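Let me begin by presenting the structure, written as structure tokens, before commenting on it.
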Amino acid sequence: MCDLTNDYVKKKYDKMTHYEFNRWFNKRALYEDYVQIHKSLEYHLKGLEFTDCLEVGCGPGTWTRFLMLSQPTAIFTLVDISKEMLNQASILDNYRVVSILSSFKDFKPSKDYDFFFSSRAIEYMTDKELVIKKIMNCLRMNSYGFIITKNPNSFGRRLHRFLGLKTKLLHTHQICNKELIKLLKKNESIETWSYPCAVSIVPFFKLHKLNFWLWKKIHNKQLNWFLELFTECYIVKFSK
């Protein structure tokens, strides 16, 4: 099997029309994940203030709009490898937003930022240490960041591997919570915290009400080996 490359990711996302609708609102199960992530961000953004946000892998701007509402005066730099995704995010074109077509590896920041955000993009980048080092280099002192990413150690993913089911190439470079935190601490992060972001109780079955009940119970609890089993994607918060 070929390895995951920037060019592969770019071509995949350049072909995705109506991405936001198809990713989050086309099916009940997708919408339930959207609600959990939305409410998780709402919870973790409380009390946080920033003026310059760097978002990597913004896609069509689903979470950018939410971040902009939470910080009405902040400036946003959006970096995405896909021209199609940036075109779909064009509703965000205003004086507060700068859009840059680039891989994160090739991105050359023109300033330092006080907040970093990325949702479901780091898993497409193969050299995680290089990515984390660059994130920290983009941030000024006394800054914060949020990374949301898929959890490879959920019970569902473990069962998937145990059954020998094929994994899509896009999903072959997911990073677990412990490894991500380890890299952040190695690269100047002063503090790190990790929490469930979207949960599922029973693999392959979307028990919507039960899943949301569990989310309400554990979304504000720091991840451990047990909570990881039910966590489909997690959020890591870090400071510099």
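Note on naming: chains are A, B, ... as they come in the structure tokens, residues start from 1 per chain, ligands start from 1 in the order shown.
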- Message: To test your reading of the structure, identify every residue in segment 20-215 of chain A that backbone DSSP assigns to alpha helix (DSSP H), and report it as a ChimeraX atom specification.
- Response: /A:20,28-45,62-70,83-88,128-138,155-162,177-186,208-215
Save the residues we just selected, C-alpha atoms, as a PDB file, in the first residue's frame?
```
ATOM      1  CA  GLU A  20     -19.806  20.684   4.879  1.00  0.00           C
ATOM      2  CA  ARG A  28     -28.258  11.664  11.597  1.00  0.00           C
ATOM      3  CA  ALA A  29     -25.077   9.981  12.875  1.00  0.00           C
ATOM      4  CA  LEU A  30     -22.876  12.686  11.309  1.00  0.00           C
ATOM      5  CA  TYR A  31     -25.028  15.447  12.786  1.00  0.00           C
ATOM      6  CA  GLU A  32     -24.769  13.864  16.242  1.00  0.00           C
ATOM      7  CA  ASP A  33     -20.959  13.973  15.957  1.00  0.00           C
ATOM      8  CA  TYR A  34     -21.196  17.612  14.871  1.00  0.00           C
ATOM      9  CA  VAL A  35     -23.296  18.488  17.926  1.00  0.00           C
ATOM     10  CA  GLN A  36     -20.842  16.807  20.290  1.00  0.00           C
ATOM     11  CA  ILE A  37     -17.837  18.583  18.783  1.00  0.00           C
ATOM     12  CA  HIS A  38     -19.683  21.921  18.672  1.00  0.00           C
ATOM     13  CA  LYS A  39     -20.631  21.660  22.329  1.00  0.00           C
ATOM     14  CA  SER A  40     -17.128  20.500  23.268  1.00  0.00           C
ATOM     15  CA  LEU A  41     -15.649  23.610  21.641  1.00  0.00           C
ATOM     16  CA  GLU A  42     -18.235  25.766  23.356  1.00  0.00           C
ATOM     17  CA  TYR A  43     -17.162  24.310  26.704  1.00  0.00           C
ATOM     18  CA  HIS A  44     -13.392  24.592  26.139  1.00  0.00           C
ATOM     19  CA  LEU A  45     -13.516  28.112  24.686  1.00  0.00           C
ATOM     20  CA  THR A  62     -17.219  24.892   9.721  1.00  0.00           C
ATOM     21  CA  TRP A  63     -15.394  25.548  12.972  1.00  0.00           C
ATOM     22  CA  THR A  64     -13.877  28.860  11.842  1.00  0.00           C
ATOM     23  CA  ARG A  65     -17.294  30.485  11.933  1.00  0.00           C
ATOM     24  CA  PHE A  66     -17.799  29.266  15.476  1.00  0.00           C
ATOM     25  CA  LEU A  67     -14.373  30.541  16.566  1.00  0.00           C
ATOM     26  CA  MET A  68     -15.094  33.923  14.948  1.00  0.00           C
ATOM     27  CA  LEU A  69     -18.320  34.241  16.912  1.00  0.00           C
ATOM     28  CA  SER A  70     -16.477  33.470  20.139  1.00  0.00           C
ATOM     29  CA  LYS A  83      -8.259  24.926  -3.241  1.00  0.00           C
ATOM     30  CA  GLU A  84     -11.769  23.466  -3.291  1.00  0.00           C
ATOM     31  CA  MET A  85     -12.021  23.647   0.506  1.00  0.00           C
ATOM     32  CA  LEU A  86     -10.899  27.283   0.534  1.00  0.00           C
ATOM     33  CA  ASN A  87     -13.413  28.064  -2.217  1.00  0.00           C
ATOM     34  CA  GLN A  88     -16.156  26.545  -0.085  1.00  0.00           C
ATOM     35  CA  LYS A 128       4.034  14.398  13.539  1.00  0.00           C
ATOM     36  CA  GLU A 129       7.158  15.650  15.316  1.00  0.00           C
ATOM     37  CA  LEU A 130       7.890  18.119  12.520  1.00  0.00           C
ATOM     38  CA  VAL A 131       4.256  19.279  12.618  1.00  0.00           C
ATOM     39  CA  ILE A 132       4.236  19.865  16.373  1.00  0.00           C
ATOM     40  CA  LYS A 133       7.575  21.672  16.244  1.00  0.00           C
ATOM     41  CA  LYS A 134       6.235  23.990  13.549  1.00  0.00           C
ATOM     42  CA  ILE A 135       3.006  24.637  15.469  1.00  0.00           C
ATOM     43  CA  MET A 136       4.982  25.718  18.519  1.00  0.00           C
ATOM     44  CA  ASN A 137       7.296  27.880  16.400  1.00  0.00           C
ATOM     45  CA  CYS A 138       4.233  29.692  15.010  1.00  0.00           C
ATOM     46  CA  PHE A 155     -12.866   0.166  21.154  1.00  0.00           C
ATOM     47  CA  GLY A 156     -14.273   0.502  17.636  1.00  0.00           C
ATOM     48  CA  ARG A 157     -10.831   1.057  16.084  1.00  0.00           C
ATOM     49  CA  ARG A 158      -9.326  -1.762  18.144  1.00  0.00           C
ATOM     50  CA  LEU A 159     -12.100  -4.100  16.991  1.00  0.00           C
ATOM     51  CA  HIS A 160     -11.598  -2.955  13.415  1.00  0.00           C
ATOM     52  CA  ARG A 161      -7.924  -3.962  13.581  1.00  0.00           C
ATOM     53  CA  PHE A 162      -8.671  -7.227  15.397  1.00  0.00           C
ATOM     54  CA  ASN A 177      -3.565  10.876  22.913  1.00  0.00           C
ATOM     55  CA  LYS A 178      -0.414   9.902  24.844  1.00  0.00           C
ATOM     56  CA  GLU A 179       1.872  10.270  21.823  1.00  0.00           C
ATOM     57  CA  LEU A 180       0.443  13.659  20.885  1.00  0.00           C
ATOM     58  CA  ILE A 181       0.863  14.989  24.407  1.00  0.00           C
ATOM     59  CA  LYS A 182       4.395  13.592  24.545  1.00  0.00           C
ATOM     60  CA  LEU A 183       5.327  15.494  21.378  1.00  0.00           C
ATOM     61  CA  LEU A 184       3.775  18.714  22.664  1.00  0.00           C
ATOM     62  CA  LYS A 185       5.671  18.513  25.948  1.00  0.00           C
ATOM     63  CA  LYS A 186       8.887  17.806  24.063  1.00  0.00           C
ATOM     64  CA  HIS A 208     -27.720   8.682  19.495  1.00  0.00           C
ATOM     65  CA  LYS A 209     -29.448   9.405  22.796  1.00  0.00           C
ATOM     66  CA  LEU A 210     -27.166   7.056  24.720  1.00  0.00           C
ATOM     67  CA  ASN A 211     -24.063   8.503  23.107  1.00  0.00           C
ATOM     68  CA  PHE A 212     -25.081  12.061  23.949  1.00  0.00           C
ATOM     69  CA  TRP A 213     -25.855  11.006  27.508  1.00  0.00           C
ATOM     70  CA  LEU A 214     -22.335   9.611  27.788  1.00  0.00           C
ATOM     71  CA  TRP A 215     -20.840  12.745  26.197  1.00  0.00           C
TER      72      TRP A 215
END
```
- Ser154 of chain A: which residues within 10 Å, counting only C-alpha atoms, same-chain residues fewer than 3 positions away excluded, as a PyMOL selection string? chain A and resi 150-151+157-160+176+199-201+203+225-233
Writing out the chosen residues with C-alpha atoms as a short mmCIF file (atom, residue, chain, number, x, y, z; two decimals), in the first residue's frame:
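Output saved as result-v7.cif:
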```cif
data_model
loop_
_atom_site.label_atom_id
_atom_site.label_comp_id
_atom_site.auth_asym_id
_atom_site.auth_seq_id
_atom_site.Cartn_x
_atom_site.Cartn_y
_atom_site.Cartn_z
CA LYS A 150 -9.44 10.92 15.60
CA ASN A 151 -8.64 8.42 18.35
CA ARG A 157 -10.83 1.06 16.08
CA ARG A 158 -9.33 -1.76 18.14
CA LEU A 159 -12.10 -4.10 16.99
CA HIS A 160 -11.60 -2.96 13.41
CA CYS A 176 -3.06 8.47 20.05
CA VAL A 199 -18.06 9.53 21.83
CA SER A 200 -19.68 6.24 20.90
CA ILE A 201 -20.72 3.55 23.37
CA PRO A 203 -18.91 0.27 17.92
CA TRP A 225 -7.32 4.45 29.21
CA PHE A 226 -10.96 3.68 30.08
CA LEU A 227 -12.52 6.83 28.58
CA GLU A 228 -10.39 6.30 25.47
CA LEU A 229 -12.39 3.16 24.69
CA PHE A 230 -15.53 5.26 24.09
CA THR A 231 -13.84 8.28 22.53
CA GLU A 232 -14.12 8.56 18.74
CA CYS A 233 -12.19 11.82 18.56
#
```
- Assign secondary structure with DSSP using the backbone only, and return the residues of segment 5-201 of chain A in strand (DSSP E or B) as a PyMOL selection string. chain A and resi 52-56+75-80+97-101+113-119+139-150+191-199
Same residues, N, CA and C atoms, saved as a CSV table (one decimal), in the first residue's frame:
```csv
chain,number,residue,atom,x,y,z
A,52,ASP,N,-5.0,36.7,17.5
A,52,ASP,CA,-4.5,36.2,16.2
A,52,ASP,C,-4.6,34.7,16.2
A,53,CYS,N,-5.5,34.1,15.4
A,53,CYS,CA,-5.7,32.6,15.3
A,53,CYS,C,-5.1,32.1,14.0
A,54,LEU,N,-4.3,31.0,14.1
A,54,LEU,CA,-3.9,30.2,13.0
A,54,LEU,C,-4.6,28.9,13.0
A,55,GLU,N,-5.4,28.7,11.9
A,55,GLU,CA,-6.2,27.5,11.8
A,55,GLU,C,-5.6,26.7,10.6
A,56,VAL,N,-5.2,25.5,10.8
A,56,VAL,CA,-4.7,24.6,9.8
A,56,VAL,C,-5.7,23.5,9.5
A,75,ILE,N,-8.3,38.2,14.5
A,75,ILE,CA,-7.9,38.0,13.1
A,75,ILE,C,-7.6,36.5,12.9
A,76,PHE,N,-8.0,36.0,11.7
A,76,PHE,CA,-7.8,34.5,11.5
A,76,PHE,C,-7.0,34.3,10.2
A,77,THR,N,-6.0,33.5,10.3
A,77,THR,CA,-5.2,33.0,9.2
A,77,THR,C,-5.6,31.5,8.9
A,78,LEU,N,-6.2,31.3,7.8
A,78,LEU,CA,-6.7,29.9,7.5
A,78,LEU,C,-5.7,29.3,6.4
A,79,VAL,N,-5.2,28.1,6.8
A,79,VAL,CA,-4.3,27.4,5.9
A,79,VAL,C,-4.9,26.1,5.5
A,80,ASP,N,-5.0,25.8,4.2
A,80,ASP,CA,-5.6,24.5,3.7
A,80,ASP,C,-4.9,24.1,2.5
A,97,VAL,N,-10.2,37.8,7.9
A,97,VAL,CA,-9.8,36.5,7.5
A,97,VAL,C,-8.7,36.5,6.4
A,98,VAL,N,-7.6,35.8,6.5
A,98,VAL,CA,-6.6,35.7,5.5
A,98,VAL,C,-6.6,34.2,5.1
A,99,SER,N,-6.9,33.8,3.9
A,99,SER,CA,-6.8,32.4,3.4
A,99,SER,C,-5.6,32.1,2.7
A,100,ILE,N,-4.9,31.0,3.0
A,100,ILE,CA,-3.7,30.7,2.3
A,100,ILE,C,-3.7,29.2,1.8
A,101,LEU,N,-3.5,29.0,0.5
A,101,LEU,CA,-3.5,27.7,-0.1
A,101,LEU,C,-2.1,27.2,0.1
A,113,TYR,N,1.4,33.9,16.3
A,113,TYR,CA,0.0,33.8,16.7
A,113,TYR,C,-0.2,33.5,18.2
A,114,ASP,N,-1.3,33.9,18.7
A,114,ASP,CA,-1.6,33.6,20.1
A,114,ASP,C,-2.6,32.5,20.3
A,115,PHE,N,-3.1,31.9,19.2
A,115,PHE,CA,-4.0,30.7,19.3
A,115,PHE,C,-3.8,29.9,18.0
A,116,PHE,N,-3.7,28.6,18.3
A,116,PHE,CA,-3.6,27.6,17.2
A,116,PHE,C,-4.9,26.7,17.2
A,117,PHE,N,-5.4,26.4,16.1
A,117,PHE,CA,-6.6,25.5,16.0
A,117,PHE,C,-6.5,24.6,14.8
A,118,SER,N,-6.8,23.3,15.0
A,118,SER,CA,-6.8,22.4,13.9
A,118,SER,C,-7.8,21.3,14.3
A,119,SER,N,-8.7,21.0,13.4
A,119,SER,CA,-9.6,19.9,13.6
A,119,SER,C,-9.5,18.8,12.5
A,139,LEU,N,3.7,30.0,17.4
A,139,LEU,CA,3.0,30.6,18.5
A,139,LEU,C,4.0,31.5,19.3
A,140,ARG,N,3.4,32.6,19.8
A,140,ARG,CA,4.2,33.5,20.7
A,140,ARG,C,4.1,32.9,22.1
A,141,MET,N,4.9,33.5,23.0
A,141,MET,CA,4.8,33.0,24.4
A,141,MET,C,3.4,33.4,25.0
A,142,ASN,N,3.0,32.6,26.0
A,142,ASN,CA,1.7,32.8,26.6
A,142,ASN,C,0.6,32.6,25.7
A,143,SER,N,0.7,31.7,24.8
A,143,SER,CA,-0.4,31.4,23.8
A,143,SER,C,-1.0,30.0,24.1
A,144,TYR,N,-2.1,29.7,23.3
A,144,TYR,CA,-2.8,28.4,23.5
A,144,TYR,C,-3.1,27.8,22.2
A,145,GLY,N,-3.4,26.5,22.2
A,145,GLY,CA,-3.8,25.8,21.0
A,145,GLY,C,-4.8,24.7,21.3
A,146,PHE,N,-5.6,24.4,20.3
A,146,PHE,CA,-6.5,23.2,20.4
A,146,PHE,C,-6.3,22.3,19.2
A,147,ILE,N,-6.1,21.0,19.4
A,147,ILE,CA,-6.0,20.1,18.3
A,147,ILE,C,-7.1,19.0,18.5
A,148,ILE,N,-8.0,18.9,17.5
A,148,ILE,CA,-9.0,17.8,17.5
A,148,ILE,C,-8.6,16.8,16.5
A,149,THR,N,-8.6,15.5,16.9
A,149,THR,CA,-8.2,14.5,16.0
A,149,THR,C,-8.8,13.1,16.4
A,150,LYS,N,-8.8,12.2,15.4
A,150,LYS,CA,-9.4,10.9,15.6
A,150,LYS,C,-8.6,10.1,16.6
A,191,GLU,N,1.8,23.3,29.5
A,191,GLU,CA,0.7,22.5,30.0
A,191,GLU,C,-0.1,21.8,28.9
A,192,THR,N,-0.6,20.6,29.1
A,192,THR,CA,-1.4,20.0,28.2
A,192,THR,C,-2.6,19.3,28.9
A,193,TRP,N,-3.7,19.3,28.2
A,193,TRP,CA,-4.9,18.7,28.7
A,193,TRP,C,-5.6,17.9,27.6
A,194,SER,N,-6.3,16.8,27.8
A,194,SER,CA,-7.0,16.1,26.7
A,194,SER,C,-8.3,15.6,27.2
A,195,TYR,N,-9.3,15.7,26.4
A,195,TYR,CA,-10.7,15.4,26.7
A,195,TYR,C,-11.4,14.7,25.6
A,196,PRO,N,-12.4,13.9,25.9
A,196,PRO,CA,-13.3,13.3,24.8
A,196,PRO,C,-14.0,14.5,24.1
A,197,CYS,N,-14.1,14.3,22.8
A,197,CYS,CA,-14.7,15.3,22.0
A,197,CYS,C,-16.0,14.8,21.3
A,198,ALA,N,-16.0,13.6,20.8
A,198,ALA,CA,-17.1,12.9,20.3
A,198,ALA,C,-17.0,11.4,20.7
A,199,VAL,N,-18.1,10.9,21.2
A,199,VAL,CA,-18.1,9.5,21.8
A,199,VAL,C,-19.1,8.6,21.2
```
- Item | Pick from A:Asn6, A:Asn26, A:Thr17, A:Asn220 nearest to Leu170 of chain A, counting only C-alpha atoms |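 Using only C-alpha atoms, the shortest distance to Leu170 of chain A belongs to A:Asn6.
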- Item | Atom pair atom CA of Thr126 of chain A / atom CA of Arg23 of chain A: separation (Å) |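 So the two atoms, atom CA of Thr126 of chain A and atom CA of Arg23 of chain A, lie 23.0 Å apart.
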- Counting only C-alpha atoms, which of A:Asp3, A:Tyr8, A:Thr73, A:Asn187 gets nearest to Arg96 of chain A? A:Thr73
- Message: Taking only C-alpha atoms into account, name the residue in A:Pro60, A:Gln71, A:Asp93, A:Asn153 that is nearest to Asn22 of chain A.
- Response: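 The closest residue to Asn22 of chain A is A:Pro60.
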